[in-house]
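Structure first, commentary second.
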Amino acid sequence: MNTTNKLKIFNDPIYGFITIPSALIFDLIEHRYFQRLRRISQMGLSYLVYPGAHHTRFHHAIGCMHLMTRAISALRFKGVVISAEEEQALQVAILLHDIGHGPFSHAMEHSIVNGISHEHISLRFMELLNAEFNGELELAIKIFKGEYHRKFMNQLISGQLDMDRADYLKRDSFYTGVSEGNINSERIITMLNVVNDQLVVEEKGIYSVEKFLVARRLMYWQVYLHKTGLVAEQLLIRMLQRAKFLVSEGEDLPGTRALRFFMDHNIGVEDFDENVIEQFARLDDVDIQSAMKDWQSHDDPVLSRLCDMLINRQLLKIRLKDKPFDRDKKAALLQQVMEREQWSAEEAEYLVFDGEIRNQAYSVDRQNINIFMKSGKIKDVARASDQFNLKALSQPVTKYYLCHPK
């Protein structure tokens, strides 16, 4: 097999030129399952707040693979033995870690399918690709699931200082223009090491880790949990839920074949067989956007209103507070909508709803970020840092929201 044309180069706005490291990686990138990521927005509806945030999951996955390649080089330079087979498995695992994302990234998990995480769907995709590629993804799947005996490898893919976060913070910061999220991923990667099979950061890298955690907190409040982005995502979820309800009532809603499949069936975890994965692989942002434009003129006043709000960015008013909203306040707003629109309580609840959001930049309960001190001791970053704010960052912060028409 001629592989010379498979070692191509991407020009990435964040890292410059990225080389595809192997023929297998090239073939996976070329596969239609992966190419679909070009049609999945990395940040959902955040472009309604930050007009530049139109980058895709495809960009992000390629960036993660590049950072993984850099991390492997940095670790090998320090004497950590990583075989060629392990290297390729790590690159494959991080390349495919997000392949299970649905349209607009997270909205799918709460509407079209029943509480199935994108990680679960990613694993199903990897298993199908493994069969197609004659077992070449076996080790990558093992590492991805945390079943490989070298634990630090899973930490590079799914830890609190993994290549996924190292890419998305820097990339999302670039495309939104929110400079607070711009981390020095190059320095963090250079400071990585492995001690007792655990990923550690050398002591002199502690300030880069502090900056990383602060950047993560700021990006969550300023970008990922931005109130306008939050209300837009909630409207999208409710639009899909309303559409699914109408279909269940016998309504014949127009939509692409892939979207109709998920509208017509209640898909749970145990239903994700090869046929469902094939349907899912045909589903992307375009299906949802075209449906939204179509449904905008539907007879159902709730569905058409939700679509109209999203297409024309005429969103609900959203209020945030540090404590839950008064139940009477919500009830009064619900009553107003029912009277004004002549809707039932069930219909009005699509436009009047509350909820909560949580932000925890650093979780001491998950795999810790360990600092390797010059003395040879290993300390958790919150204890090793002289910054009091790191202890504060490890406390979850909860805010409550209430959405209603203006």
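Identifiers in the structure tokens: chain A, B, ... in order shown; residue index from 1 per chain; ligand index from 1 in order shown.
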Secondary structure check, strand (DSSP E or B) residues of range 174-336 of chain A, as a ChimeraX atom specification: /A:192-195,198-202,267,317-321
For the residues in the current selection, export N, CA and C atoms as a short mmCIF file (atom, residue, chain, number, x, y, z; two decimals), in the first residue's frame.
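So the final result, stored in again_10.cif, reads:
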```cif
data_model
loop_
_atom_site.label_atom_id
_atom_site.label_comp_id
_atom_site.auth_asym_id
_atom_site.auth_seq_id
_atom_site.Cartn_x
_atom_site.Cartn_y
_atom_site.Cartn_z
N LEU A 192 5.52 18.28 31.70
CA LEU A 192 4.93 16.99 32.09
C LEU A 192 6.00 15.93 32.34
N ASN A 193 5.69 15.03 33.26
CA ASN A 193 6.56 13.88 33.51
C ASN A 193 5.69 12.74 34.05
N VAL A 194 6.29 11.58 34.21
CA VAL A 194 5.55 10.43 34.76
C VAL A 194 6.32 9.89 35.96
N VAL A 195 5.64 9.80 37.12
CA VAL A 195 6.23 9.23 38.33
C VAL A 195 5.25 8.21 38.89
N GLN A 198 1.96 7.76 37.23
CA GLN A 198 1.00 8.86 37.28
C GLN A 198 1.57 10.07 36.54
N LEU A 199 0.70 10.78 35.87
CA LEU A 199 1.12 12.00 35.19
C LEU A 199 1.37 13.09 36.23
N VAL A 200 2.51 13.76 36.15
CA VAL A 200 2.82 14.84 37.09
C VAL A 200 3.33 16.05 36.29
N VAL A 201 3.32 17.21 36.97
CA VAL A 201 3.89 18.42 36.38
C VAL A 201 5.08 18.80 37.26
N GLU A 202 6.21 19.06 36.65
CA GLU A 202 7.40 19.44 37.43
C GLU A 202 7.15 20.77 38.14
N ILE A 267 -34.56 6.39 21.60
CA ILE A 267 -33.28 5.68 21.63
C ILE A 267 -32.62 5.84 23.00
N LYS A 317 -35.57 36.31 27.99
CA LYS A 317 -34.80 37.03 29.02
C LYS A 317 -34.31 35.97 30.02
N ILE A 318 -33.08 36.11 30.48
CA ILE A 318 -32.55 35.16 31.47
C ILE A 318 -31.97 35.94 32.64
N ARG A 319 -32.32 35.48 33.83
CA ARG A 319 -31.79 36.12 35.05
C ARG A 319 -31.00 35.10 35.85
N LEU A 320 -29.87 35.54 36.37
CA LEU A 320 -29.01 34.66 37.17
C LEU A 320 -28.96 35.15 38.60
N LYS A 321 -28.98 34.20 39.56
CA LYS A 321 -28.87 34.55 40.98
C LYS A 321 -28.05 33.50 41.70
#
```
Residue set, range 110-350 of chain A restricted to alpha helix (DSSP H), as a PyMOL selection string: chain A and resi 118-132+138-144+151-157+163-176+185-190+206-219+227-248+257-264+274-281+285-295+301-311+327-341+345-348
Selection: 9 Å around range 335-340 of chain A, only C-alpha atoms, excl. self and same-chain fewer than 4 positions, as JSON, numbers by chain: {"A": [330, 331, 344, 345, 347, 348, 349, 351, 352, 404, 405]}
Could you write out that same residue set with all heavy atoms as a PDB file, in the first residue's frame?
```
ATOM      1  N   LYS A 330     -41.934  32.378  39.417  1.00  0.00           N
ATOM      2  CA  LYS A 330     -42.041  31.566  38.199  1.00  0.00           C
ATOM      3  C   LYS A 330     -43.515  31.323  37.847  1.00  0.00           C
ATOM      4  O   LYS A 330     -43.914  31.422  36.680  1.00  0.00           O
ATOM      5  CB  LYS A 330     -41.310  30.231  38.392  1.00  0.00           C
ATOM      6  CG  LYS A 330     -41.305  29.365  37.145  1.00  0.00           C
ATOM      7  CD  LYS A 330     -40.728  27.989  37.413  1.00  0.00           C
ATOM      8  CE  LYS A 330     -41.001  27.052  36.249  1.00  0.00           C
ATOM      9  NZ  LYS A 330     -40.637  25.668  36.522  1.00  0.00           N
ATOM     10  N   ALA A 331     -44.321  31.022  38.854  1.00  0.00           N
ATOM     11  CA  ALA A 331     -45.748  30.756  38.632  1.00  0.00           C
ATOM     12  C   ALA A 331     -46.450  31.971  38.020  1.00  0.00           C
ATOM     13  O   ALA A 331     -47.287  31.836  37.110  1.00  0.00           O
ATOM     14  CB  ALA A 331     -46.413  30.363  39.948  1.00  0.00           C
ATOM     15  N   SER A 344     -51.831  26.395  27.202  1.00  0.00           N
ATOM     16  CA  SER A 344     -51.960  25.591  28.425  1.00  0.00           C
ATOM     17  C   SER A 344     -50.680  25.752  29.261  1.00  0.00           C
ATOM     18  O   SER A 344     -49.674  26.263  28.761  1.00  0.00           O
ATOM     19  CB  SER A 344     -52.132  24.118  28.059  1.00  0.00           C
ATOM     20  OG  SER A 344     -50.919  23.627  27.479  1.00  0.00           O
ATOM     21  N   ALA A 345     -50.710  25.275  30.501  1.00  0.00           N
ATOM     22  CA  ALA A 345     -49.522  25.357  31.370  1.00  0.00           C
ATOM     23  C   ALA A 345     -48.361  24.580  30.754  1.00  0.00           C
ATOM     24  O   ALA A 345     -47.206  25.036  30.788  1.00  0.00           O
ATOM     25  CB  ALA A 345     -49.855  24.807  32.757  1.00  0.00           C
ATOM     26  N   GLU A 347     -47.715  24.037  27.622  1.00  0.00           N
ATOM     27  CA  GLU A 347     -47.147  24.797  26.494  1.00  0.00           C
ATOM     28  C   GLU A 347     -46.327  25.985  27.003  1.00  0.00           C
ATOM     29  O   GLU A 347     -45.233  26.257  26.511  1.00  0.00           O
ATOM     30  CB  GLU A 347     -48.277  25.278  25.573  1.00  0.00           C
ATOM     31  CG  GLU A 347     -48.945  24.147  24.798  1.00  0.00           C
ATOM     32  CD  GLU A 347     -50.209  24.594  24.073  1.00  0.00           C
ATOM     33  OE1 GLU A 347     -50.921  25.504  24.576  1.00  0.00           O
ATOM     34  OE2 GLU A 347     -50.502  24.023  23.020  1.00  0.00           O
ATOM     35  N   ALA A 348     -46.858  26.675  27.988  1.00  0.00           N
ATOM     36  CA  ALA A 348     -46.167  27.860  28.525  1.00  0.00           C
ATOM     37  C   ALA A 348     -44.815  27.497  29.147  1.00  0.00           C
ATOM     38  O   ALA A 348     -43.878  28.305  29.142  1.00  0.00           O
ATOM     39  CB  ALA A 348     -47.054  28.558  29.548  1.00  0.00           C
ATOM     40  N   GLU A 349     -44.709  26.265  29.659  1.00  0.00           N
ATOM     41  CA  GLU A 349     -43.447  25.850  30.299  1.00  0.00           C
ATOM     42  C   GLU A 349     -42.277  25.740  29.313  1.00  0.00           C
ATOM     43  O   GLU A 349     -41.126  25.654  29.722  1.00  0.00           O
ATOM     44  CB  GLU A 349     -43.654  24.520  31.028  1.00  0.00           C
ATOM     45  CG  GLU A 349     -44.263  24.723  32.407  1.00  0.00           C
ATOM     46  CD  GLU A 349     -44.695  23.434  33.082  1.00  0.00           C
ATOM     47  OE1 GLU A 349     -44.580  22.359  32.450  1.00  0.00           O
ATOM     48  OE2 GLU A 349     -45.143  23.511  34.241  1.00  0.00           O
ATOM     49  N   LEU A 351     -41.528  28.187  27.500  1.00  0.00           N
ATOM     50  CA  LEU A 351     -40.981  29.553  27.488  1.00  0.00           C
ATOM     51  C   LEU A 351     -40.670  30.095  28.882  1.00  0.00           C
ATOM     52  O   LEU A 351     -40.021  31.127  29.002  1.00  0.00           O
ATOM     53  CB  LEU A 351     -41.966  30.519  26.799  1.00  0.00           C
ATOM     54  CG  LEU A 351     -42.314  30.271  25.328  1.00  0.00           C
ATOM     55  CD1 LEU A 351     -43.106  31.441  24.784  1.00  0.00           C
ATOM     56  CD2 LEU A 351     -41.081  30.046  24.479  1.00  0.00           C
ATOM     57  N   VAL A 352     -41.140  29.419  29.911  1.00  0.00           N
ATOM     58  CA  VAL A 352     -40.853  29.860  31.289  1.00  0.00           C
ATOM     59  C   VAL A 352     -40.287  28.666  32.043  1.00  0.00           C
ATOM     60  O   VAL A 352     -40.977  27.684  32.277  1.00  0.00           O
ATOM     61  CB  VAL A 352     -42.131  30.373  32.007  1.00  0.00           C
ATOM     62  CG1 VAL A 352     -41.781  30.823  33.437  1.00  0.00           C
ATOM     63  CG2 VAL A 352     -42.767  31.520  31.236  1.00  0.00           C
ATOM     64  N   HIS A 404     -37.675  33.596  30.762  1.00  0.00           N
ATOM     65  CA  HIS A 404     -39.068  33.925  30.449  1.00  0.00           C
ATOM     66  C   HIS A 404     -39.087  34.937  29.316  1.00  0.00           C
ATOM     67  O   HIS A 404     -38.064  35.600  29.045  1.00  0.00           O
ATOM     68  CB  HIS A 404     -39.783  34.486  31.689  1.00  0.00           C
ATOM     69  CG  HIS A 404     -39.117  35.712  32.257  1.00  0.00           C
ATOM     70  ND1 HIS A 404     -39.423  36.989  31.836  1.00  0.00           N
ATOM     71  CD2 HIS A 404     -38.130  35.854  33.188  1.00  0.00           C
ATOM     72  CE1 HIS A 404     -38.672  37.853  32.507  1.00  0.00           C
ATOM     73  NE2 HIS A 404     -37.883  37.202  33.335  1.00  0.00           N
ATOM     74  N   PRO A 405     -40.217  35.093  28.619  1.00  0.00           N
ATOM     75  CA  PRO A 405     -40.273  36.089  27.533  1.00  0.00           C
ATOM     76  C   PRO A 405     -40.041  37.499  28.057  1.00  0.00           C
ATOM     77  O   PRO A 405     -40.365  37.801  29.210  1.00  0.00           O
ATOM     78  CB  PRO A 405     -41.704  35.931  26.989  1.00  0.00           C
ATOM     79  CG  PRO A 405     -42.115  34.562  27.395  1.00  0.00           C
ATOM     80  CD  PRO A 405     -41.454  34.313  28.724  1.00  0.00           C
TER      81      PRO A 405
END
```
Spatial neighbours of range 373-390 of chain A, 12 Å, only C-alpha atoms, chain gap at least 5 places, as a PyMOL selection string: chain A and resi 160-161+191+193-196+198-217+360-368+395-396
Just-selected residues, C-alpha atoms written as an mmCIF file, in the first residue's frame:
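Just written: selection-v4.cif:
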```
data_model
loop_
_atom_site.group_PDB
_atom_site.id
_atom_site.type_symbol
_atom_site.label_atom_id
_atom_site.label_comp_id
_atom_site.auth_asym_id
_atom_site.auth_seq_id
_atom_site.Cartn_x
_atom_site.Cartn_y
_atom_site.Cartn_z
ATOM 1 C CA GLN A 160 -7.868 17.377 34.675
ATOM 2 C CA LEU A 161 -4.842 18.388 32.639
ATOM 3 C CA MET A 191 6.725 20.374 32.123
ATOM 4 C CA ASN A 193 6.565 13.882 33.512
ATOM 5 C CA VAL A 194 5.552 10.428 34.765
ATOM 6 C CA VAL A 195 6.234 9.233 38.335
ATOM 7 C CA ASN A 196 4.883 5.908 39.672
ATOM 8 C CA GLN A 198 0.998 8.863 37.281
ATOM 9 C CA LEU A 199 1.125 12.000 35.185
ATOM 10 C CA VAL A 200 2.821 14.842 37.087
ATOM 11 C CA VAL A 201 3.894 18.420 36.385
ATOM 12 C CA GLU A 202 7.400 19.441 37.431
ATOM 13 C CA GLU A 203 7.539 22.060 40.163
ATOM 14 C CA LYS A 204 8.740 24.844 37.871
ATOM 15 C CA GLY A 205 5.542 24.422 35.816
ATOM 16 C CA ILE A 206 3.246 25.233 38.749
ATOM 17 C CA TYR A 207 2.494 28.784 37.581
ATOM 18 C CA SER A 208 1.452 27.529 34.139
ATOM 19 C CA VAL A 209 -0.941 25.095 35.859
ATOM 20 C CA GLU A 210 -2.342 27.901 38.027
ATOM 21 C CA LYS A 211 -2.898 29.997 34.911
ATOM 22 C CA PHE A 212 -4.563 26.996 33.239
ATOM 23 C CA LEU A 213 -7.041 26.548 36.132
ATOM 24 C CA VAL A 214 -7.833 30.261 36.359
ATOM 25 C CA ALA A 215 -8.306 30.386 32.560
ATOM 26 C CA ARG A 216 -10.656 27.415 32.779
ATOM 27 C CA ARG A 217 -12.779 29.133 35.443
ATOM 28 C CA GLN A 360 -15.731 23.919 39.310
ATOM 29 C CA ALA A 361 -12.378 24.741 37.743
ATOM 30 C CA TYR A 362 -10.549 22.052 39.683
ATOM 31 C CA SER A 363 -12.100 18.959 41.229
ATOM 32 C CA VAL A 364 -10.121 17.374 44.061
ATOM 33 C CA ASP A 365 -12.361 14.290 43.783
ATOM 34 C CA ARG A 366 -11.229 13.480 40.240
ATOM 35 C CA GLN A 367 -7.687 12.552 39.127
ATOM 36 C CA ASN A 368 -5.606 15.207 40.825
ATOM 37 C CA GLN A 395 -15.005 24.649 45.440
ATOM 38 C CA PRO A 396 -18.029 24.209 43.153
#
```
Each range 131-212 of chain A residue no farther than 9 Å from range 40-64 of chain A, nearest pair in Å, only C-alpha atoms, as a tab-separated table:
```
residue	atom	partner	partner_atom	distance
A:Met163	CA	A:Cys64	CA	5.6
A:Asp164	CA	A:Cys64	CA	5.7
A:Arg165	CA	A:Cys64	CA	8.6
A:Ala166	CA	A:Cys64	CA	7.8
A:Asp167	CA	A:Cys64	CA	5.7
A:Tyr168	CA	A:His60	CA	6.6
A:Arg171	CA	A:His60	CA	7.4
A:Asp172	CA	A:Ala53	CA	7.2
A:Phe174	CA	A:Ala53	CA	8.7
A:Tyr175	CA	A:Ala53	CA	5.1
A:Thr176	CA	A:Ala53	CA	5.2
A:Gly177	CA	A:Gly52	CA	7.6
A:Val178	CA	A:Tyr50	CA	9.0
```
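Ranking A:Trp343, A:Pro103, A:Arg242, A:Tyr33 by their shortest atom-to-atom distance to Cys307 in chain A, with only C-alpha atoms included, puts A:Arg242 first.
Coordinates place CA of Leu128 in chain A at a distance of 7.7 Å from CA of Glu274 in chain A.
If you measure from each of A:Leu95, A:Met126, A:Met309, A:Val113 to Gly268 in chain A using only C-alpha atoms, the closest one turns out to be A:Val113.
Closest approach to Lys399 in chain A among A:Arg257, A:Gln342, A:Trp295, A:Trp221 is made by A:Trp221 (distances from only C-alpha atoms).
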Leaving out Glu127 in chain A and any residue of its chain fewer than 2 positions from it, which residues lie within 12 Å of it when counting only C-alpha atoms, given as a CSV table (one decimal) with all heavy atoms, in the first residue's frame?
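The new file part05.csv reads:
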```csv
chain,number,residue,atom,x,y,z
A,93,ALA,N,-6.7,7.5,20.1
A,93,ALA,CA,-7.7,7.7,21.2
A,93,ALA,C,-8.1,9.1,21.4
A,93,ALA,O,-9.3,9.5,21.5
A,93,ALA,CB,-7.1,7.1,22.5
A,96,LEU,N,-10.2,10.5,18.3
A,96,LEU,CA,-11.5,10.0,18.2
A,96,LEU,C,-12.3,10.3,19.5
A,96,LEU,O,-13.5,9.9,19.6
A,96,LEU,CB,-11.6,8.5,17.9
A,96,LEU,CG,-10.9,8.1,16.6
A,96,LEU,CD1,-11.0,6.6,16.5
A,96,LEU,CD2,-11.5,8.8,15.4
A,99,ILE,N,-15.7,11.9,18.8
A,99,ILE,CA,-16.4,11.5,17.5
A,99,ILE,C,-17.9,11.2,17.8
A,99,ILE,O,-18.7,11.3,16.8
A,99,ILE,CB,-15.7,10.3,16.9
A,99,ILE,CG1,-16.1,10.2,15.4
A,99,ILE,CG2,-15.9,9.0,17.6
A,99,ILE,CD1,-15.2,9.3,14.6
A,100,GLY,N,-18.3,11.0,19.0
A,100,GLY,CA,-19.7,10.7,19.3
A,100,GLY,C,-20.6,12.0,19.6
A,100,GLY,O,-21.7,11.8,20.0
A,120,HIS,N,-20.0,7.7,25.5
A,120,HIS,CA,-20.5,6.4,25.3
A,120,HIS,C,-20.6,6.2,23.7
A,120,HIS,O,-20.3,5.1,23.2
A,120,HIS,CB,-21.9,6.2,25.9
A,120,HIS,CG,-22.5,4.9,25.6
A,120,HIS,ND1,-22.2,3.7,26.3
A,120,HIS,CD2,-23.5,4.5,24.7
A,120,HIS,CE1,-22.9,2.7,25.7
A,120,HIS,NE2,-23.7,3.2,24.8
A,121,ILE,N,-21.2,7.2,23.0
A,121,ILE,CA,-21.3,7.1,21.6
A,121,ILE,C,-20.0,7.1,20.9
A,121,ILE,O,-19.7,6.3,19.9
A,121,ILE,CB,-22.2,8.2,21.0
A,121,ILE,CG1,-23.6,8.2,21.8
A,121,ILE,CG2,-22.4,8.1,19.5
A,121,ILE,CD1,-24.5,9.4,21.5
A,122,SER,N,-19.0,7.8,21.4
A,122,SER,CA,-17.6,7.8,20.9
A,122,SER,C,-17.1,6.4,20.9
A,122,SER,O,-16.4,5.9,20.0
A,122,SER,CB,-16.7,8.8,21.7
A,122,SER,OG,-17.1,10.1,21.4
A,123,LEU,N,-17.3,5.7,22.1
A,123,LEU,CA,-16.8,4.4,22.2
A,123,LEU,C,-17.4,3.4,21.2
A,123,LEU,O,-16.7,2.6,20.7
A,123,LEU,CB,-17.0,3.9,23.7
A,123,LEU,CG,-16.4,2.6,24.1
A,123,LEU,CD1,-14.9,2.6,23.9
A,123,LEU,CD2,-16.8,2.3,25.6
A,124,ARG,N,-18.7,3.6,21.0
A,124,ARG,CA,-19.4,2.7,20.0
A,124,ARG,C,-18.8,2.9,18.6
A,124,ARG,O,-18.6,2.0,17.8
A,124,ARG,CB,-20.9,3.0,20.0
A,124,ARG,CG,-21.6,2.6,21.2
A,124,ARG,CD,-21.7,1.1,21.4
A,124,ARG,NE,-22.5,0.4,20.4
A,124,ARG,CZ,-22.0,-0.4,19.5
A,124,ARG,NH1,-20.7,-0.8,19.5
A,124,ARG,NH2,-22.7,-1.0,18.6
A,125,PHE,N,-18.5,4.2,18.2
A,125,PHE,CA,-17.9,4.5,17.0
A,125,PHE,C,-16.5,3.9,16.9
A,125,PHE,O,-16.2,3.3,15.8
A,125,PHE,CB,-17.7,6.0,16.8
A,125,PHE,CG,-18.9,6.7,16.1
A,125,PHE,CD1,-19.6,7.7,16.8
A,125,PHE,CD2,-19.3,6.4,14.8
A,125,PHE,CE1,-20.7,8.3,16.2
A,125,PHE,CE2,-20.3,7.1,14.2
A,125,PHE,CZ,-21.1,8.0,14.9
A,129,LEU,N,-15.2,1.2,14.1
A,129,LEU,CA,-14.0,1.5,13.3
A,129,LEU,C,-12.9,0.4,13.5
A,129,LEU,O,-12.2,0.0,12.6
A,129,LEU,CB,-13.4,2.9,13.7
A,129,LEU,CG,-14.2,4.0,13.2
A,129,LEU,CD1,-13.8,5.3,13.9
A,129,LEU,CD2,-14.0,4.2,11.7
A,130,ASN,N,-12.8,-0.1,14.8
A,130,ASN,CA,-11.8,-1.2,15.1
A,130,ASN,C,-12.1,-2.4,14.3
A,130,ASN,O,-11.2,-3.0,13.7
A,130,ASN,CB,-11.9,-1.5,16.6
A,130,ASN,CG,-10.8,-2.4,17.0
A,130,ASN,OD1,-9.7,-2.3,16.6
A,130,ASN,ND2,-11.1,-3.4,17.9
A,131,ALA,N,-13.4,-2.7,14.1
A,131,ALA,CA,-13.8,-3.9,13.3
A,131,ALA,C,-13.4,-3.7,11.8
A,131,ALA,O,-12.9,-4.5,11.1
A,131,ALA,CB,-15.3,-4.2,13.4
A,132,GLU,N,-13.7,-2.4,11.4
A,132,GLU,CA,-13.4,-2.1,10.0
A,132,GLU,C,-11.9,-2.0,9.7
A,132,GLU,O,-11.5,-2.4,8.6
A,132,GLU,CB,-14.0,-0.7,9.7
A,132,GLU,CG,-14.2,-0.4,8.2
A,132,GLU,CD,-14.9,0.9,8.0
A,132,GLU,OE1,-15.9,1.2,8.7
A,132,GLU,OE2,-14.5,1.7,7.1
A,133,PHE,N,-11.1,-1.6,10.7
A,133,PHE,CA,-9.6,-1.5,10.5
A,133,PHE,C,-8.9,-2.8,11.1
A,133,PHE,O,-7.8,-2.7,11.5
A,133,PHE,CB,-9.1,-0.2,11.2
A,133,PHE,CG,-9.4,1.0,10.4
A,133,PHE,CD1,-10.6,1.6,10.5
A,133,PHE,CD2,-8.5,1.5,9.5
A,133,PHE,CE1,-10.9,2.8,9.7
A,133,PHE,CE2,-8.7,2.7,8.7
A,133,PHE,CZ,-9.9,3.3,8.8
A,134,ASN,N,-9.6,-3.9,11.1
A,134,ASN,CA,-9.0,-5.2,11.5
A,134,ASN,C,-8.3,-5.2,12.8
A,134,ASN,O,-7.2,-5.7,13.0
A,134,ASN,CB,-8.0,-5.7,10.4
A,134,ASN,CG,-8.7,-5.7,9.0
A,134,ASN,OD1,-9.8,-6.2,8.9
A,134,ASN,ND2,-8.0,-5.2,8.0
A,135,GLY,N,-8.9,-4.6,13.8
A,135,GLY,CA,-8.4,-4.6,15.2
A,135,GLY,C,-7.3,-3.7,15.5
A,135,GLY,O,-6.6,-3.7,16.5
A,136,GLU,N,-7.0,-2.7,14.6
A,136,GLU,CA,-5.9,-1.8,14.8
A,136,GLU,C,-6.1,-0.7,15.9
A,136,GLU,O,-5.2,0.0,16.3
A,136,GLU,CB,-5.5,-1.0,13.5
A,136,GLU,CG,-4.8,-1.9,12.4
A,136,GLU,CD,-4.2,-1.1,11.3
A,136,GLU,OE1,-3.2,-0.4,11.5
A,136,GLU,OE2,-4.9,-1.0,10.2
A,137,LEU,N,-7.4,-0.7,16.3
A,137,LEU,CA,-7.7,0.3,17.4
A,137,LEU,C,-7.9,-0.3,18.7
A,137,LEU,O,-8.3,0.4,19.7
A,137,LEU,CB,-9.1,1.1,17.0
A,137,LEU,CG,-9.0,2.2,16.0
A,137,LEU,CD1,-8.6,1.7,14.6
A,137,LEU,CD2,-10.3,2.9,16.0
A,138,GLU,N,-7.5,-1.6,18.8
A,138,GLU,CA,-7.7,-2.3,20.1
A,138,GLU,C,-7.0,-1.6,21.3
A,138,GLU,O,-7.7,-1.4,22.3
A,138,GLU,CB,-7.0,-3.7,19.9
A,138,GLU,CG,-7.6,-4.8,20.7
A,138,GLU,CD,-9.1,-5.2,20.3
A,138,GLU,OE1,-9.3,-5.6,19.2
A,138,GLU,OE2,-9.9,-5.1,21.2
A,139,LEU,N,-5.8,-1.3,21.1
A,139,LEU,CA,-5.0,-0.6,22.2
A,139,LEU,C,-5.6,0.8,22.5
A,139,LEU,O,-5.7,1.2,23.7
A,139,LEU,CB,-3.5,-0.6,21.9
A,139,LEU,CG,-2.6,0.0,23.0
A,139,LEU,CD1,-2.8,-0.8,24.4
A,139,LEU,CD2,-1.2,-0.1,22.6
A,140,ALA,N,-5.9,1.5,21.5
A,140,ALA,CA,-6.5,2.8,21.7
A,140,ALA,C,-7.8,2.8,22.5
A,140,ALA,O,-8.0,3.6,23.4
A,140,ALA,CB,-6.8,3.5,20.3
A,141,ILE,N,-8.6,1.8,22.3
A,141,ILE,CA,-9.9,1.6,23.0
A,141,ILE,C,-9.6,1.3,24.5
A,141,ILE,O,-10.2,1.8,25.4
A,141,ILE,CB,-10.8,0.5,22.3
A,141,ILE,CG1,-11.3,1.0,21.0
A,141,ILE,CG2,-11.9,0.1,23.2
A,141,ILE,CD1,-12.0,0.0,20.1
A,142,LYS,N,-8.6,0.4,24.7
A,142,LYS,CA,-8.2,0.0,26.0
A,142,LYS,C,-7.8,1.2,26.8
A,142,LYS,O,-8.2,1.4,28.0
A,142,LYS,CB,-7.1,-1.0,25.9
A,142,LYS,CG,-7.2,-2.2,26.9
A,142,LYS,CD,-6.1,-3.2,26.6
A,142,LYS,CE,-6.1,-4.3,27.7
A,142,LYS,NZ,-5.1,-5.3,27.5
A,144,PHE,N,-8.5,4.4,26.1
A,144,PHE,CA,-9.6,5.3,26.2
A,144,PHE,C,-10.5,4.9,27.4
A,144,PHE,O,-11.1,5.7,28.2
A,144,PHE,CB,-10.4,5.3,24.9
A,144,PHE,CG,-11.6,6.2,24.9
A,144,PHE,CD1,-11.4,7.5,24.6
A,144,PHE,CD2,-12.9,5.7,25.0
A,144,PHE,CE1,-12.6,8.4,24.6
A,144,PHE,CE2,-14.0,6.5,25.0
A,144,PHE,CZ,-13.8,7.9,24.8
A,145,LYS,N,-10.7,3.6,27.6
A,145,LYS,CA,-11.6,3.1,28.7
A,145,LYS,C,-10.9,3.1,30.0
A,145,LYS,O,-11.5,2.7,31.0
A,145,LYS,CB,-12.1,1.7,28.3
A,145,LYS,CG,-13.1,1.7,27.2
A,145,LYS,CD,-13.3,0.3,26.6
A,145,LYS,CE,-14.1,-0.6,27.4
A,145,LYS,NZ,-14.4,-1.9,26.7
A,272,PHE,N,-28.2,1.4,21.1
A,272,PHE,CA,-27.2,1.9,20.2
A,272,PHE,C,-26.4,0.8,19.5
A,272,PHE,O,-25.3,0.6,19.7
A,272,PHE,CB,-26.2,2.9,20.9
A,272,PHE,CG,-26.4,4.3,20.6
A,272,PHE,CD1,-27.3,5.1,21.2
A,272,PHE,CD2,-25.6,4.8,19.5
A,272,PHE,CE1,-27.5,6.4,20.8
A,272,PHE,CE2,-25.8,6.2,19.1
A,272,PHE,CZ,-26.8,7.0,19.8
A,273,ASP,N,-27.1,0.1,18.6
A,273,ASP,CA,-26.5,-0.9,17.8
A,273,ASP,C,-25.9,-0.3,16.5
A,273,ASP,O,-26.0,0.9,16.3
A,273,ASP,CB,-27.5,-2.0,17.4
A,273,ASP,CG,-28.7,-1.5,16.7
A,273,ASP,OD1,-28.7,-0.4,16.2
A,273,ASP,OD2,-29.8,-2.2,16.7
A,274,GLU,N,-25.5,-1.1,15.6
A,274,GLU,CA,-24.8,-0.7,14.4
A,274,GLU,C,-25.7,0.2,13.5
A,274,GLU,O,-25.3,1.2,12.9
A,274,GLU,CB,-24.3,-1.9,13.6
A,274,GLU,CG,-23.2,-1.5,12.6
A,274,GLU,CD,-22.4,-2.7,12.0
A,274,GLU,OE1,-22.4,-3.7,12.7
A,274,GLU,OE2,-21.9,-2.6,10.9
A,277,ILE,N,-26.1,3.6,15.1
A,277,ILE,CA,-24.8,4.4,14.9
A,277,ILE,C,-24.8,4.9,13.4
A,277,ILE,O,-24.4,6.1,13.2
A,277,ILE,CB,-23.6,3.5,15.2
A,277,ILE,CG1,-23.4,3.5,16.7
A,277,ILE,CG2,-22.3,4.0,14.5
A,277,ILE,CD1,-22.7,4.7,17.3
```
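Atom pair CA of Tyr148 in chain A / CA of Thr190 in chain A has a distance of 23.9 Å (rounded to one decimal).
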Residue contacts of Pro254 in chain A (8 Å, only C-alpha atoms) excluding same-chain residues fewer than 4 positions away, as JSON, numbers by chain: {"A": [260, 291, 294, 295]}
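Rounded to one decimal, CA of Leu334 in chain A and CA of Tyr401 in chain A lie 15.1 Å from each other.
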